[in-house]
Structures are given as C-alpha cells and as structure tokens.
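K.L.:
Mind having a look at this structure? Questions to follow.
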Amino acid sequence: MWKIIADELERSIQDRILGPGDKLPTEHDLEQKYYVTRHMVRHALKHLADRGLIDSHQGRGSFVRRPTLPIKIQRRTRFGEMVQQAHASHIHRTRRLEIVPIPPDAARAFGINRTTPVICLERISIVNGQPTGIGTHYFLASRFANFIVEYEKVESITAALKAQGVHDYVRAQTRITARPPSAEDCELLDMPRHVPLIVTQAVNHDTDGIVLEYGEARMASDRVELMITPDEISH
C-alpha cells in the first residue's frame, strides 16, 4: 500500500500539481485518505526522500525538493558561466547601483578607511524562474569611475570591468557561513523561515594581486550546492 501512496505523490510532483517548495499533505491527512497506518505513510515518504524528490523536516512536514544549482568556488568563479554549464535560464534583477560609504567588512578587505566611497551593486539572481541568491558587490569608486555607466549598458560585472581595463580577475578568498534568513531575505528569495541561508564573503584580486572587489552573497541553502576545488584556488 505504501507504494500506491508514493506513486500518487510522485505523479503529483511530476505533473507540477505539487511544485518545488510546496508542502505535502500531512501524515495524518495521508492516513485518513488511504486508510493506512502512520508506518505505511512514513515508508512512502522515506521512499520519496531516498529518491531525492522531497525533504522531510521533523515538526514541519515534508516539502517537494527544489532543484539545486552547483556553484564552484574556484580560482575564477563566474556565476553566469556556472548557470550556462547547468543548462539553466538565468537573469539578474538589480536592486541597487550607487556610490555609498564603505561598510566595515569591505573596508577591512580593501584595507582602506571607512570614509572611502565605493560603488555598491546589489542584485537578485533568478535561476529557472526561481530567486536563488542576493549578491552585493563593492568596487572602489576612485578606480572605476565609469563602472555604473558601463554596467547599465550590459548588466554584466565582467563586461563592465573589461570596459574599465580589467580583463581578468581571480578569487583570493572565500569565507562561508550560515544563518537564519531575515524577514527581508524570505521576501526577496520567496523562501520559508526554517530554511537557512548560505552566506559567502569573497575577495577578488586583479592579476597584479590588488584587491579588485569585495562581495557578499546570501543564498537559499535548498537551492544551491557549493563545490570547492582547492587545486584551482591555490594557484
């Protein structure tokens, strides 16, 4: 009997009646619908979880698993290229693009005074129609006087930097932490409060070893997989 329950739930997922992130009926509801014991229901849910179709959380229920995007942390970390390799559709939605006083973490990364103005670019990454992460990027305004104009033309960081004379840059450091999402994070990423955020703080250097960019990314942990390749980073 558990197989009938699992098969019907799987069909609902495949037919998009239950979409990514949707909550499945409760164990009690499934018991009542199929006239079975809780053991049978849990067997069916475990089968779906083992197949990678759902995630179950004690006290919160079971949810349709969202497809995850592999993100490689390597010497040349380029989000757009990773999305292309995953054969996914991708757009950025810009939230902020302005000159601001430098925040403390960015000031430490650049090794400069906190009164120094920087260009702040904040944007939401949407992959396959789903908000995946929020990236905030900082560049020295004194070094990239035309960055805002160039970025608005193409909406690409790499292309905007090339227009400013930077043809290559590499990842020097990445710090990875996790924390609960704020109310704003949940709203922007359309995510529940119980799913933690993966937070990365990254420093990129130009080919002369000079700090080029400090960036912070907040990503829904059920939508990405971080893959660290030490051999690439260490060069």
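Ordering of the structure tokens sets the chain letters (A, B, ...); residue numbers start at 1 within each chain; ligands are numbered from 1 in the order shown.
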Select from range 151-199 of chain A every residue with an atom at most 10 Å from any atom of range 54-78 of chain A, then for each give the shortest pair of atoms and their distance in Å to one decimal, using only C-alpha atoms, rows by chain and rising number, as CSV.

P.N.:
```
residue,atom,partner,partner_atom,distance
A:Ile157,CA,A:Arg78,CA,9.7
A:Thr158,CA,A:Arg78,CA,8.6
A:Asp168,CA,A:Arg76,CA,8.8
A:Tyr169,CA,A:Arg76,CA,7.1
A:Val170,CA,A:Arg76,CA,5.0
A:Arg171,CA,A:Arg75,CA,5.0
A:Ala172,CA,A:Arg75,CA,7.4
A:Gln173,CA,A:Arg75,CA,9.2
A:Thr174,CA,A:Ile73,CA,7.8
A:His194,CA,A:Arg60,CA,8.8
```

K.L.:
Could you write those residues out with C-alpha atoms, as an mmCIF file, in the first residue's frame?

P.N.:
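Everything below was put into selection.cif:
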```
data_model
loop_
_atom_site.group_PDB
_atom_site.id
_atom_site.type_symbol
_atom_site.label_atom_id
_atom_site.label_comp_id
_atom_site.auth_asym_id
_atom_site.auth_seq_id
_atom_site.Cartn_x
_atom_site.Cartn_y
_atom_site.Cartn_z
ATOM 1 C CA ILE A 157 30.195 42.692 -13.964
ATOM 2 C CA THR A 158 32.865 41.004 -16.086
ATOM 3 C CA ASP A 168 40.908 39.067 -15.814
ATOM 4 C CA TYR A 169 40.480 38.639 -12.066
ATOM 5 C CA VAL A 170 40.733 35.746 -9.626
ATOM 6 C CA ARG A 171 39.269 34.641 -6.340
ATOM 7 C CA ALA A 172 41.671 35.274 -3.470
ATOM 8 C CA GLN A 173 39.485 34.309 -0.523
ATOM 9 C CA THR A 174 36.018 32.965 0.256
ATOM 10 C CA HIS A 194 13.061 27.465 8.504
#
```

K.L.:
Determine which residues of chain A receive a DSSP assignment of alpha helix (DSSP H), computed from the backbone, and state them as a PyMOL selection string.

P.N.:
chain A and resi 2-14+27-34+38-50+79-85+104-110+147-154+157-163+183-189+230-233

K.L.:
Just the number, please: distance in Å from CA of Asp29 in chain A to CA of Ile13 in chain A, one decimal.

P.N.:
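Distance between the two atoms: 17.4 Å.
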
K.L.:
Quick one: distance from CA of Pro103 in chain A to CA of Glu225 in chain A in Å, one decimal?

P.N.:
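Distance reported for this atom pair: 27.8 Å.
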
K.L.:
May I have the residues within 9 Å of range 206-217 of chain A as a list of chain:residue names, using only C-alpha atoms and disregarding those fewer than 3 positions away in the same chain?

P.N.:
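Using only C-alpha atoms, the neighbours found are A:Asp105, A:Ala106, A:Ala107, A:Ala109, A:Phe110, A:Gly111, A:Gly133, A:Ile134, A:Gly135, A:Thr136, A:His137, A:Tyr138, A:Phe139, A:Leu140, A:Val166, A:His167, A:Asp168, A:Tyr169, A:Val170, A:Arg171, A:Ala172, A:Ile198, A:Val199, A:Thr200, A:Gln201, A:Ala202, A:Val203.
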
K.L.:
Deliver the residues from the most recent selection as a file, using N, CA and C atoms, as a PDB file, in the first residue's frame.

P.N.:
```
ATOM      1  N   ASP A 105      33.144  45.415   6.778  1.00  0.00           N
ATOM      2  CA  ASP A 105      33.791  44.216   6.226  1.00  0.00           C
ATOM      3  C   ASP A 105      34.497  44.517   4.906  1.00  0.00           C
ATOM      4  N   ALA A 106      33.884  45.347   4.079  1.00  0.00           N
ATOM      5  CA  ALA A 106      34.509  45.709   2.805  1.00  0.00           C
ATOM      6  C   ALA A 106      35.749  46.568   3.041  1.00  0.00           C
ATOM      7  N   ALA A 107      35.675  47.473   4.007  1.00  0.00           N
ATOM      8  CA  ALA A 107      36.835  48.322   4.319  1.00  0.00           C
ATOM      9  C   ALA A 107      38.028  47.479   4.757  1.00  0.00           C
ATOM     10  N   ALA A 109      38.559  44.348   3.916  1.00  0.00           N
ATOM     11  CA  ALA A 109      39.044  43.592   2.755  1.00  0.00           C
ATOM     12  C   ALA A 109      39.920  44.459   1.855  1.00  0.00           C
ATOM     13  N   PHE A 110      39.517  45.708   1.643  1.00  0.00           N
ATOM     14  CA  PHE A 110      40.298  46.624   0.803  1.00  0.00           C
ATOM     15  C   PHE A 110      41.481  47.234   1.560  1.00  0.00           C
ATOM     16  N   GLY A 111      41.422  47.198   2.899  1.00  0.00           N
ATOM     17  CA  GLY A 111      42.474  47.819   3.702  1.00  0.00           C
ATOM     18  C   GLY A 111      42.465  49.331   3.605  1.00  0.00           C
ATOM     19  N   GLY A 133      19.622  33.718  -5.032  1.00  0.00           N
ATOM     20  CA  GLY A 133      20.534  34.389  -4.120  1.00  0.00           C
ATOM     21  C   GLY A 133      20.533  35.893  -4.318  1.00  0.00           C
ATOM     22  N   ILE A 134      21.082  36.582  -3.318  1.00  0.00           N
ATOM     23  CA  ILE A 134      21.228  38.037  -3.349  1.00  0.00           C
ATOM     24  C   ILE A 134      22.718  38.337  -3.238  1.00  0.00           C
ATOM     25  N   GLY A 135      23.262  39.004  -4.239  1.00  0.00           N
ATOM     26  CA  GLY A 135      24.684  39.340  -4.235  1.00  0.00           C
ATOM     27  C   GLY A 135      24.892  40.837  -4.084  1.00  0.00           C
ATOM     28  N   THR A 136      25.824  41.212  -3.204  1.00  0.00           N
ATOM     29  CA  THR A 136      26.180  42.616  -3.018  1.00  0.00           C
ATOM     30  C   THR A 136      27.666  42.760  -3.308  1.00  0.00           C
ATOM     31  N   HIS A 137      28.011  43.604  -4.271  1.00  0.00           N
ATOM     32  CA  HIS A 137      29.380  43.743  -4.761  1.00  0.00           C
ATOM     33  C   HIS A 137      29.874  45.171  -4.526  1.00  0.00           C
ATOM     34  N   TYR A 138      31.124  45.286  -4.080  1.00  0.00           N
ATOM     35  CA  TYR A 138      31.710  46.604  -3.813  1.00  0.00           C
ATOM     36  C   TYR A 138      32.988  46.791  -4.635  1.00  0.00           C
ATOM     37  N   PHE A 139      33.094  47.972  -5.257  1.00  0.00           N
ATOM     38  CA  PHE A 139      34.270  48.353  -6.038  1.00  0.00           C
ATOM     39  C   PHE A 139      34.669  49.776  -5.642  1.00  0.00           C
ATOM     40  N   LEU A 140      35.973  50.073  -5.701  1.00  0.00           N
ATOM     41  CA  LEU A 140      36.425  51.420  -5.369  1.00  0.00           C
ATOM     42  C   LEU A 140      35.952  52.414  -6.422  1.00  0.00           C
ATOM     43  N   VAL A 166      40.042  46.015 -17.007  1.00  0.00           N
ATOM     44  CA  VAL A 166      40.358  44.798 -16.255  1.00  0.00           C
ATOM     45  C   VAL A 166      39.867  43.599 -17.061  1.00  0.00           C
ATOM     46  N   HIS A 167      40.793  42.818 -17.598  1.00  0.00           N
ATOM     47  CA  HIS A 167      40.433  41.711 -18.483  1.00  0.00           C
ATOM     48  C   HIS A 167      40.440  40.358 -17.782  1.00  0.00           C
ATOM     49  N   ASP A 168      40.926  40.325 -16.560  1.00  0.00           N
ATOM     50  CA  ASP A 168      40.908  39.067 -15.814  1.00  0.00           C
ATOM     51  C   ASP A 168      40.985  39.388 -14.325  1.00  0.00           C
ATOM     52  N   TYR A 169      40.390  38.512 -13.522  1.00  0.00           N
ATOM     53  CA  TYR A 169      40.480  38.639 -12.066  1.00  0.00           C
ATOM     54  C   TYR A 169      40.252  37.266 -11.464  1.00  0.00           C
ATOM     55  N   VAL A 170      40.763  37.071 -10.243  1.00  0.00           N
ATOM     56  CA  VAL A 170      40.733  35.746  -9.626  1.00  0.00           C
ATOM     57  C   VAL A 170      40.253  35.843  -8.190  1.00  0.00           C
ATOM     58  N   ARG A 171      39.739  34.731  -7.722  1.00  0.00           N
ATOM     59  CA  ARG A 171      39.269  34.641  -6.340  1.00  0.00           C
ATOM     60  C   ARG A 171      40.466  34.465  -5.408  1.00  0.00           C
ATOM     61  N   ALA A 172      40.574  35.351  -4.431  1.00  0.00           N
ATOM     62  CA  ALA A 172      41.671  35.274  -3.470  1.00  0.00           C
ATOM     63  C   ALA A 172      41.227  34.629  -2.163  1.00  0.00           C
ATOM     64  N   ILE A 198      22.957  30.245   3.113  1.00  0.00           N
ATOM     65  CA  ILE A 198      24.405  30.139   2.980  1.00  0.00           C
ATOM     66  C   ILE A 198      24.913  31.540   2.648  1.00  0.00           C
ATOM     67  N   VAL A 199      25.897  31.999   3.409  1.00  0.00           N
ATOM     68  CA  VAL A 199      26.441  33.343   3.213  1.00  0.00           C
ATOM     69  C   VAL A 199      27.914  33.221   2.838  1.00  0.00           C
ATOM     70  N   THR A 200      28.298  33.823   1.710  1.00  0.00           N
ATOM     71  CA  THR A 200      29.709  33.847   1.328  1.00  0.00           C
ATOM     72  C   THR A 200      30.205  35.285   1.313  1.00  0.00           C
ATOM     73  N   GLN A 201      31.420  35.467   1.795  1.00  0.00           N
ATOM     74  CA  GLN A 201      32.108  36.748   1.723  1.00  0.00           C
ATOM     75  C   GLN A 201      33.386  36.511   0.918  1.00  0.00           C
ATOM     76  N   ALA A 202      33.482  37.175  -0.217  1.00  0.00           N
ATOM     77  CA  ALA A 202      34.548  36.857  -1.166  1.00  0.00           C
ATOM     78  C   ALA A 202      35.385  38.082  -1.494  1.00  0.00           C
ATOM     79  N   VAL A 203      36.667  37.831  -1.739  1.00  0.00           N
ATOM     80  CA  VAL A 203      37.597  38.882  -2.168  1.00  0.00           C
ATOM     81  C   VAL A 203      38.200  38.450  -3.494  1.00  0.00           C
TER      82      VAL A 203
END
```

K.L.:
Ranking A:Leu45, A:His205, A:Gln84, A:Met1 by minimum distance to Thr26 in chain A and counting only C-alpha atoms, which one comes first?

P.N.:
A:Leu45

K.L.:
How would you write, as a PyMOL selection string, the set of residues in range 7-234 of chain A that DSSP gives as strand (DSSP E)?

P.N.:
chain A and resi 54-57+61-64+69-73+90-101+117-127+130-140+169-179+197-206+211-220+224-228

K.L.:
To one decimal place in Å, what is the distance between CA of Met82 in chain A and CA of Pro104 in chain A?

P.N.:
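A separation of 29.7 Å between them.
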
K.L.:
Skipping near chain neighbours, those fewer than 5 positions away, what residues fall within 10 Å of Lys3 in chain A using only C-alpha atoms, listed as a ChimeraX atom specification?

P.N.:
/A:8-9,40-41,43-45,47-48

K.L.:
Do you know which residues are at most 10 Å from Ile119 in chain A counting only C-alpha atoms, after dropping those on the same chain fewer than 5 positions away, and could you put them as a PyMOL selection string?

P.N.:
chain A and resi 96-102+137-145+147-148+213

K.L.:
Check the smallest atom-to-atom distance from each of A:Leu226, A:Val83, A:Ala163, A:Leu30 to Ser125 in chain A using only C-alpha atoms, then report the winner.

P.N.:
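Closest to Ser125 in chain A, using only C-alpha atoms: A:Val83.
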